[in-house]
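Text of upload08.tsv, listed as TSV, C-alpha atoms:
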chain	number	residue	atom	x	y	z
A	1	MET	CA	66.73	72.12	-71.49
A	2	SER	CA	64.70	73.85	-68.75
A	3	LYS	CA	63.36	72.00	-65.76
A	4	LYS	CA	59.59	71.87	-65.39
A	5	ILE	CA	57.46	71.61	-62.27
A	6	ILE	CA	53.72	71.34	-61.75
A	7	LEU	CA	52.40	72.74	-58.48
A	8	THR	CA	48.93	71.99	-57.17
A	9	GLY	CA	46.89	72.68	-54.06
A	10	GLY	CA	43.87	74.73	-53.13
A	11	GLY	CA	40.48	75.02	-51.53
A	12	THR	CA	41.80	77.28	-48.75
A	13	ALA	CA	44.63	79.81	-48.58
A	14	GLY	CA	46.59	77.39	-46.39
A	15	HIS	CA	46.85	75.00	-49.32
A	16	VAL	CA	48.27	77.74	-51.53
A	17	THR	CA	50.60	80.01	-49.52
A	18	PRO	CA	53.44	77.44	-49.17
A	19	ASN	CA	53.41	77.13	-52.96
A	20	LEU	CA	53.65	80.91	-53.19
A	21	ALA	CA	56.64	80.77	-50.85
A	22	LEU	CA	58.45	78.37	-53.20
A	23	LEU	CA	57.83	80.36	-56.41
A	24	PRO	CA	60.73	82.87	-56.17
A	25	ARG	CA	63.25	80.12	-55.48
A	26	LEU	CA	61.89	77.86	-58.22
A	27	ARG	CA	62.13	80.74	-60.70
A	28	ALA	CA	65.69	81.48	-59.58
A	29	GLU	CA	66.64	77.84	-60.17
A	30	GLY	CA	65.31	77.97	-63.71
A	31	TYR	CA	62.13	75.95	-63.37
A	32	GLU	CA	59.32	76.42	-65.87
A	33	ILE	CA	56.38	76.66	-63.47
A	34	HIS	CA	52.88	75.31	-64.09
A	35	TYR	CA	49.98	75.30	-61.61
A	36	ILE	CA	46.91	73.08	-61.74
A	37	GLY	CA	43.85	74.31	-59.84
A	38	THR	CA	40.15	74.93	-60.26
A	39	ALA	CA	38.60	77.75	-62.25
A	40	ASP	CA	36.83	79.32	-59.27
A	41	GLY	CA	38.87	78.32	-56.21
A	42	ILE	CA	41.01	80.55	-54.01
A	43	GLU	CA	44.09	79.15	-55.76
A	44	LYS	CA	42.93	80.81	-58.99
A	45	SER	CA	42.69	84.21	-57.32
A	46	LEU	CA	46.09	83.85	-55.63
A	47	VAL	CA	48.08	82.23	-58.44
A	48	GLY	CA	46.16	82.58	-61.70
A	49	ASP	CA	47.55	85.97	-62.72
A	50	LEU	CA	51.11	85.64	-61.42
A	51	GLU	CA	53.86	86.40	-63.90
A	52	GLY	CA	55.90	83.39	-64.91
A	53	VAL	CA	53.25	80.84	-63.88
A	54	THR	CA	51.10	78.98	-66.40
A	55	TYR	CA	47.76	78.21	-64.77
A	56	HIS	CA	45.71	75.18	-65.87
A	57	THR	CA	42.16	74.42	-64.69
A	58	ILE	CA	40.51	71.09	-63.92
A	59	SER	CA	37.32	69.98	-62.19
A	60	ALA	CA	37.65	68.72	-58.63
A	61	GLY	CA	35.12	67.33	-56.19
A	62	LYS	CA	35.21	68.31	-52.53
A	63	LEU	CA	36.03	65.52	-50.08
A	64	ARG	CA	33.61	65.50	-47.14
A	65	ARG	CA	33.40	63.50	-43.93
A	66	TYR	CA	29.73	64.36	-43.52
A	67	PHE	CA	26.62	63.48	-45.50
A	68	SER	CA	25.81	65.71	-48.44
A	69	LEU	CA	23.94	65.07	-51.67
A	70	LYS	CA	27.02	66.44	-53.42
A	71	ASN	CA	28.86	63.32	-52.24
A	72	LEU	CA	26.90	61.53	-54.97
A	73	THR	CA	28.11	63.83	-57.76
A	74	ASP	CA	31.54	65.00	-56.67
A	75	PRO	CA	33.27	61.63	-57.32
A	76	PHE	CA	32.43	62.14	-61.00
A	77	LYS	CA	34.15	65.53	-60.84
A	78	VAL	CA	37.24	63.85	-59.39
A	79	VAL	CA	37.27	61.26	-62.19
A	80	GLY	CA	36.85	64.01	-64.77
A	81	GLY	CA	39.65	65.96	-63.11
A	82	ILE	CA	41.98	62.96	-63.34
A	83	PHE	CA	41.53	62.76	-67.10
A	84	GLN	CA	41.94	66.52	-67.47
A	85	ALA	CA	45.10	66.48	-65.34
A	86	LYS	CA	46.53	63.55	-67.33
A	87	ARG	CA	46.19	65.56	-70.54
A	88	ILE	CA	47.93	68.55	-68.94
A	89	ILE	CA	50.73	66.43	-67.48
A	90	ASN	CA	51.24	64.63	-70.76
A	91	LYS	CA	51.54	67.98	-72.54
A	92	VAL	CA	53.81	69.70	-69.96
A	93	LYS	CA	55.97	66.62	-69.22
A	94	PRO	CA	57.13	67.90	-65.81
A	95	ASP	CA	60.26	66.74	-64.04
A	96	VAL	CA	58.36	66.73	-60.75
A	97	VAL	CA	54.87	67.40	-59.34
A	98	PHE	CA	54.53	69.16	-55.98
A	99	SER	CA	51.20	68.86	-54.15
A	100	LYS	CA	50.28	71.08	-51.21
A	101	GLY	CA	47.00	69.31	-50.54
A	102	GLY	CA	43.34	70.22	-50.51
A	103	PHE	CA	40.73	68.49	-52.63
A	104	VAL	CA	41.98	70.01	-55.89
A	105	SER	CA	45.27	68.14	-55.52
A	106	VAL	CA	43.73	64.66	-55.45
A	107	PRO	CA	42.98	64.22	-59.19
A	108	VAL	CA	46.34	65.81	-60.09
A	109	VAL	CA	48.37	63.44	-57.94
A	110	ILE	CA	46.42	60.37	-59.06
A	111	ALA	CA	46.93	61.41	-62.68
A	112	ALA	CA	50.66	62.02	-62.18
A	113	LYS	CA	51.39	58.55	-60.84
A	114	GLY	CA	53.77	56.85	-63.27
A	115	MET	CA	54.17	60.04	-65.31
A	116	ALA	CA	56.43	62.08	-62.98
A	117	PRO	CA	57.88	61.92	-59.45
A	118	ILE	CA	55.39	63.27	-56.90
A	119	VAL	CA	56.23	65.22	-53.74
A	120	ALA	CA	53.38	65.93	-51.32
A	121	HIS	CA	53.46	68.29	-48.35
A	122	GLU	CA	51.36	68.00	-45.19
A	123	SER	CA	51.11	71.14	-43.05
A	124	ASP	CA	49.02	69.86	-40.17
A	125	TYR	CA	49.94	67.66	-37.23
A	126	THR	CA	47.90	64.79	-38.69
A	127	PRO	CA	47.23	64.31	-42.42
A	128	GLY	CA	43.97	65.63	-43.82
A	129	LEU	CA	41.70	63.46	-45.95
A	130	ALA	CA	43.12	64.73	-49.25
A	131	ASN	CA	46.70	64.05	-48.17
A	132	LYS	CA	45.77	60.62	-46.83
A	133	ILE	CA	44.77	59.81	-50.41
A	134	THR	CA	47.63	61.56	-52.20
A	135	ALA	CA	50.25	60.04	-49.87
A	136	LYS	CA	49.44	56.64	-51.34
A	137	PHE	CA	50.51	57.90	-54.77
A	138	ALA	CA	53.37	60.23	-53.74
A	139	ASP	CA	57.04	59.28	-53.80
A	140	ARG	CA	57.93	61.55	-50.87
A	141	VAL	CA	55.76	63.22	-48.24
A	142	CYS	CA	57.18	66.33	-46.58
A	143	VAL	CA	55.79	67.12	-43.12
A	144	THR	CA	55.78	70.32	-41.11
A	145	PHE	CA	55.68	68.71	-37.66
A	146	GLU	CA	58.29	66.09	-36.80
A	147	ASP	CA	55.61	64.12	-34.91
A	148	THR	CA	53.69	63.68	-38.19
A	149	LEU	CA	56.32	61.25	-39.54
A	150	LYS	CA	54.63	58.40	-37.66
A	151	TYR	CA	51.48	58.92	-39.76
A	152	VAL	CA	53.11	58.86	-43.20
A	153	GLY	CA	55.59	55.97	-42.99
A	154	ALA	CA	58.83	55.48	-44.90
A	155	LYS	CA	57.99	58.13	-47.51
A	156	GLY	CA	58.02	60.85	-44.89
A	157	VAL	CA	60.70	63.51	-44.45
A	158	HIS	CA	60.58	66.26	-41.84
A	159	THR	CA	61.09	69.56	-43.66
A	160	GLY	CA	59.04	72.20	-41.89
A	161	THR	CA	56.91	74.43	-44.11
A	162	PRO	CA	58.00	77.00	-46.70
A	163	ILE	CA	57.67	80.59	-45.48
A	164	ARG	CA	56.94	83.46	-47.88
A	165	PRO	CA	60.25	85.38	-48.14
A	166	GLU	CA	58.54	88.76	-48.27
A	167	LEU	CA	57.38	88.32	-44.66
A	168	TYR	CA	60.96	88.85	-43.49
A	169	GLY	CA	61.16	92.23	-45.21
A	170	GLY	CA	58.56	94.10	-43.17
A	171	ASP	CA	59.18	97.64	-41.93
A	172	ARG	CA	57.77	98.55	-38.51
A	173	GLN	CA	57.47	102.27	-39.30
A	174	LYS	CA	55.59	101.54	-42.52
A	175	GLY	CA	53.22	99.33	-40.54
A	176	LEU	CA	52.62	102.13	-38.03
A	177	ASP	CA	52.09	104.65	-40.81
A	178	PHE	CA	49.59	102.35	-42.54
A	179	THR	CA	47.53	101.85	-39.37
A	180	GLY	CA	47.94	105.39	-38.05
A	181	PHE	CA	49.27	104.11	-34.72
A	182	SER	CA	52.03	105.98	-32.89
A	183	GLY	CA	53.88	102.91	-31.63
A	184	GLU	CA	53.67	104.10	-28.02
A	185	LYS	CA	51.43	101.17	-27.05
A	186	PRO	CA	52.21	97.51	-27.81
A	187	ILE	CA	50.35	96.23	-30.86
A	188	LEU	CA	48.03	93.21	-30.94
A	189	LEU	CA	47.38	91.69	-34.37
A	190	THR	CA	44.19	89.61	-34.59
A	191	MET	CA	43.63	87.30	-37.54
A	192	GLY	CA	41.41	84.30	-38.15
A	193	GLY	CA	42.43	82.68	-41.42
A	194	SER	CA	40.97	83.19	-44.87
A	195	GLN	CA	37.39	82.70	-43.63
A	196	GLY	CA	37.72	84.93	-40.58
A	197	ALA	CA	36.72	83.76	-37.08
A	198	GLN	CA	33.40	85.00	-35.79
A	199	ALA	CA	33.75	83.70	-32.23
A	200	ILE	CA	37.10	85.45	-31.84
A	201	THR	CA	35.76	88.60	-33.49
A	202	ASP	CA	32.77	88.77	-31.13
A	203	ALA	CA	34.85	88.28	-27.98
A	204	LEU	CA	37.51	90.75	-29.11
A	205	ARG	CA	35.02	93.48	-29.95
A	206	SER	CA	33.25	92.99	-26.61
A	207	ALA	CA	36.58	93.45	-24.81
A	208	LEU	CA	37.74	96.40	-26.93
A	209	PRO	CA	37.07	99.23	-24.45
A	210	ARG	CA	39.32	97.56	-21.87
A	211	LEU	CA	41.93	96.15	-24.28
A	212	THR	CA	42.58	99.45	-26.03
A	213	ARG	CA	43.68	101.00	-22.73
A	214	SER	CA	46.83	98.86	-23.03
A	215	PHE	CA	47.07	97.89	-26.71
A	216	ASP	CA	46.61	99.24	-30.18
A	217	ILE	CA	44.77	96.54	-32.13
A	218	ILE	CA	44.95	95.54	-35.80
A	219	HIS	CA	42.06	93.26	-36.74
A	220	LEU	CA	42.09	91.25	-39.98
A	221	CYS	CA	38.46	90.25	-39.69
A	222	GLY	CA	37.63	88.56	-43.01
A	223	LYS	CA	35.46	89.46	-45.96
A	224	GLY	CA	32.22	91.15	-45.02
A	225	LYS	CA	33.12	91.20	-41.31
A	226	LYS	CA	34.05	94.87	-40.83
A	227	ASP	CA	31.78	96.73	-38.43
A	228	ALA	CA	31.53	100.38	-39.46
A	229	SER	CA	29.73	101.25	-36.23
A	230	ILE	CA	32.87	100.71	-34.13
A	231	ALA	CA	34.77	103.94	-33.58
A	232	GLU	CA	37.11	102.78	-30.84
A	233	PRO	CA	40.42	104.72	-30.74
A	234	GLY	CA	43.33	102.28	-31.02
A	235	TYR	CA	41.36	99.77	-33.14
A	236	VAL	CA	41.63	99.38	-36.92
A	237	GLN	CA	39.94	96.68	-38.96
A	238	TYR	CA	40.59	95.33	-42.43
A	239	GLU	CA	38.80	92.59	-44.35
A	240	TYR	CA	41.99	91.36	-45.96
A	241	ILE	CA	45.60	92.51	-46.19
A	242	SER	CA	48.09	91.44	-48.84
A	243	LYS	CA	51.18	93.51	-49.65
A	244	GLU	CA	51.11	95.41	-46.32
A	245	LEU	CA	51.13	92.22	-44.21
A	246	PRO	CA	54.94	92.08	-43.72
A	247	ASP	CA	54.88	95.65	-42.38
A	248	LEU	CA	51.99	94.84	-40.03
A	249	PHE	CA	53.88	91.80	-38.73
A	250	ALA	CA	56.96	93.98	-38.17
A	251	ALA	CA	54.88	96.43	-36.12
A	252	THR	CA	53.16	93.68	-34.11
A	253	ASP	CA	54.16	92.62	-30.59
A	254	ILE	CA	51.70	89.75	-30.01
A	255	ILE	CA	49.11	87.89	-32.10
A	256	LEU	CA	45.62	86.48	-31.52
A	257	SER	CA	44.75	83.81	-34.07
A	258	ARG	CA	43.26	80.49	-35.05
A	259	ALA	CA	45.82	77.67	-35.25
A	260	GLY	CA	46.14	76.83	-38.93
A	261	ALA	CA	49.56	75.29	-39.51
A	262	ASN	CA	50.83	77.72	-42.14
A	263	ALA	CA	49.88	80.77	-40.09
A	264	ILE	CA	51.41	79.56	-36.84
A	265	PHE	CA	54.66	78.57	-38.54
A	266	GLU	CA	54.83	82.08	-39.99
A	267	PHE	CA	54.50	83.36	-36.42
A	268	LEU	CA	57.31	80.98	-35.41
A	269	ALA	CA	59.60	82.07	-38.24
A	270	LEU	CA	59.05	85.72	-37.25
A	271	ALA	CA	59.25	84.95	-33.49
A	272	LYS	CA	55.85	86.50	-32.75
A	273	PRO	CA	54.19	85.20	-29.54
A	274	ALA	CA	50.58	84.16	-30.12
A	275	LEU	CA	47.41	83.29	-28.27
A	276	LEU	CA	45.92	80.45	-30.32
A	277	ILE	CA	42.21	79.65	-30.30
A	278	PRO	CA	41.88	76.52	-32.46
A	279	LEU	CA	38.78	75.63	-34.38
A	280	PRO	CA	36.71	73.32	-32.14
A	281	LEU	CA	35.84	69.73	-33.05
A	282	SER	CA	32.31	70.85	-33.85
A	283	ALA	CA	33.69	72.81	-36.82
A	284	SER	CA	36.76	70.78	-37.85
A	285	ARG	CA	38.50	67.42	-37.74
A	286	GLY	CA	40.56	68.64	-34.76
A	287	ASP	CA	43.78	69.43	-36.62
A	288	GLN	CA	44.02	72.95	-35.20
A	289	ILE	CA	43.67	71.61	-31.65
A	290	LEU	CA	46.67	69.34	-32.26
A	291	ASN	CA	48.63	72.14	-33.94
A	292	ALA	CA	48.00	74.49	-31.02
A	293	GLY	CA	48.85	71.81	-28.46
A	294	TYR	CA	52.20	71.18	-30.13
A	295	PHE	CA	53.05	74.90	-30.06
A	296	ALA	CA	52.03	75.16	-26.40
A	297	ARG	CA	54.23	72.18	-25.47
A	298	LYS	CA	57.16	73.75	-27.30
A	299	GLY	CA	56.70	77.04	-25.44
A	300	TYR	CA	55.91	78.96	-28.63
A	301	ALA	CA	52.34	80.03	-27.84
A	302	MET	CA	49.48	80.05	-25.38
A	303	THR	CA	46.16	78.38	-26.15
A	304	LEU	CA	42.58	79.13	-25.20
A	305	ASP	CA	39.75	76.71	-25.92
A	306	GLN	CA	36.86	78.27	-27.82
A	307	GLY	CA	34.47	76.84	-25.24
A	308	GLY	CA	36.12	79.07	-22.65
A	309	LEU	CA	36.33	82.11	-24.91
A	310	LYS	CA	34.64	85.05	-23.21
A	311	PRO	CA	35.56	88.75	-23.18
A	312	ASP	CA	37.02	88.38	-19.68
A	313	SER	CA	39.08	85.25	-20.43
A	314	LEU	CA	40.33	86.81	-23.65
A	315	PHE	CA	41.33	90.01	-21.85
A	316	ASP	CA	43.23	88.08	-19.17
A	317	SER	CA	44.94	85.75	-21.66
A	318	ILE	CA	46.12	88.58	-23.91
A	319	HIS	CA	47.69	90.39	-20.96
A	320	ASP	CA	49.27	87.15	-19.75
A	321	LEU	CA	50.73	86.53	-23.21
A	322	TYR	CA	52.21	90.02	-23.35
A	323	ASP	CA	53.70	89.71	-19.86
A	324	ARG	CA	55.38	86.41	-20.84
A	325	ARG	CA	56.33	87.41	-24.40
A	326	LEU	CA	60.09	87.36	-23.91
A	327	SER	CA	60.10	83.70	-22.86
A	328	PHE	CA	58.06	82.77	-25.97
A	329	ILE	CA	60.38	84.80	-28.22
A	330	SER	CA	63.42	83.06	-26.72
A	331	ALA	CA	61.93	79.60	-27.31
A	332	MET	CA	60.90	80.39	-30.90
A	333	SER	CA	64.26	81.92	-31.78
A	334	GLY	CA	65.97	78.62	-30.97
A	335	ASP	CA	63.96	76.53	-33.48
A	336	SER	CA	66.06	75.61	-36.53
A	337	THR	CA	63.09	74.25	-38.53
A	338	ALA	CA	60.96	77.40	-38.37
A	339	ASP	CA	61.37	77.94	-42.13
A	340	GLY	CA	61.32	74.77	-44.24
A	341	THR	CA	61.84	76.38	-47.66
A	342	ASP	CA	65.36	75.00	-48.17
A	343	GLU	CA	64.42	71.55	-46.91
A	344	VAL	CA	61.37	71.26	-49.19
A	345	LEU	CA	63.40	72.48	-52.17
A	346	ASP	CA	66.02	69.81	-51.43
A	347	VAL	CA	63.34	67.12	-51.73
A	348	ILE	CA	61.95	68.66	-54.94
A	349	ARG	CA	65.46	68.83	-56.46
A	350	SER	CA	66.19	65.25	-55.49
A	351	GLU	CA	62.99	63.93	-57.07
A	352	SER	CA	63.42	66.17	-60.12
A	353	GLU	CA	66.89	64.75	-60.73
A	354	ARG	CA	65.59	61.23	-60.25
A	355	SER	CA	63.17	61.74	-63.15
A	356	LYS	CA	66.12	62.25	-65.50
A	357	ARG	CA	67.94	59.04	-64.63

Let me see the structure of the file written as structure tokens.
Amino acid sequence: MSKKIILTGGGTAGHVTPNLALLPRLRAEGYEIHYIGTADGIEKSLVGDLEGVTYHTISAGKLRRYFSLKNLTDPFKVVGGIFQAKRIINKVKPDVVFSKGGFVSVPVVIAAKGMAPIVAHESDYTPGLANKITAKFADRVCVTFEDTLKYVGAKGVHTGTPIRPELYGGDRQKGLDFTGFSGEKPILLTMGGSQGAQAITDALRSALPRLTRSFDIIHLCGKGKKDASIAEPGYVQYEYISKELPDLFAATDIILSRAGANAIFEFLALAKPALLIPLPLSASRGDQILNAGYFARKGYAMTLDQGGLKPDSLFDSIHDLYDRRLSFISAMSGDSTADGTDEVLDVIRSESERSKR
């Protein structure tokens, strides 16, 4: 009899990519894989058409810390999602449910309580609102940062985060060929997460004439953020990159990025020094500030506060990062928890076996 697993998580790419990292291994171990998400979320676009994955849709209300009229209606969506998820779980009868977080996971985890073992995973330094709720229902809570254990109690286990295996298979020459760069200059990769990062984009583009004297620059700028008027030699821009990303990473020397947990742990696994500009408190709950601070303390990255982000400070920081890159690479190469795929799978296996006792 085959083993069955339900995966859930969505709302942003960061709540989906660790699930994508687990899929090849779960398939190899003979799991029948089901995914519960929304009909129009990013998880549907990333997972919905994958071979070997049965995708189920439910309604889910967004969890907000600020006032919105939708706060009056979204709880009803959550309740509806719980009943929808219960029907799916009752039909699939999974051996284990794995939740990556985001608001879509909340009704799934609540519904699964008492029906299957539940493993949750928290990427950030402190749990987000969705995972604060799901942790109450989960049997085990995997955490990316060891320091996060103090927030999740006895259920917690430090695993690191799963890294997509294809990222290790990048080819530097293919990355150069794709961008048209010669490889004579060091390459700076700039990325801002699935929504892009306008403050970083503005500062980078203002500093381009000076930066391109020393670097060739790959800019993943986000949907609708390309600027066709820029014709700077040594600068290429893409809204979004998928299958070519491993090759671009292989060609890259240093990275400029936000500080989302999944992204920065990919940089760690690949030993790519980064300048991290976390989302400010005015635009977030502060998780990226904590993530970036942890990486800076570990000697894995440099940080620059968005309040101090100007073309001049960005120019200076990028050159400083490149000058110090070998010390960052050395520190990152010594981290044994850079890739948490095996550790997370161990927890999933353990809970899956428990369901059969």

Take every atom of range 325-333 of chain A listed in the file, fit an axis-aligned box around them, add 3 Å per side, and give the centre and edge lengths in Å to one decimal as AutoDock Vina command-line options.
--center_x 60.3 --center_y 83.5 --center_z -27.3 --size_x 13.9 --size_y 13.8 --size_z 14.9

Counting all atoms listed in the file, what is within 12 Å of range 176-182 of chain A, bar same-chain residues fewer than 3 positions away, as a PyMOL selection string? chain A and resi 170-173+185-189+212+215-220+233-238+241+243-252

Closest of A:His56, A:Lys100, A:His121, A:Lys93 to Gly10 in chain A - atom-to-atom distances counting all atoms listed in the file: A:Lys100

Expected answer as a list in words: all residues with atoms within 12 Å of (65.2, 83.7, -31.1), only C-alpha atoms: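 Using only C-alpha atoms, the matching residues come out as Phe267, Leu268, Ala269, Leu270, Ala271, Lys272, Pro273, Tyr300, Arg325, Leu326, Ser327, Phe328, Ile329, Ser330, Ala331, Met332, Ser333, Gly334, Asp335, Ser336 and Ala338 of chain A.
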
Considering all atoms listed in the file, can you say which of A:Pro162, A:Pro24, A:Gly14, A:Gly114 comes closest to Glu343 in chain A?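 Selected residue with least distance to Glu343 in chain A: A:Pro162.
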
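Between CA of Asp95 in chain A and CA of Glu122 in chain A lies a distance of 20.9 Å.
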
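Distance check against Phe315 in chain A using all atoms listed in the file: of A:Ala292, A:Ala259, A:Leu211, A:Ile230, the minimum falls on A:Leu211.
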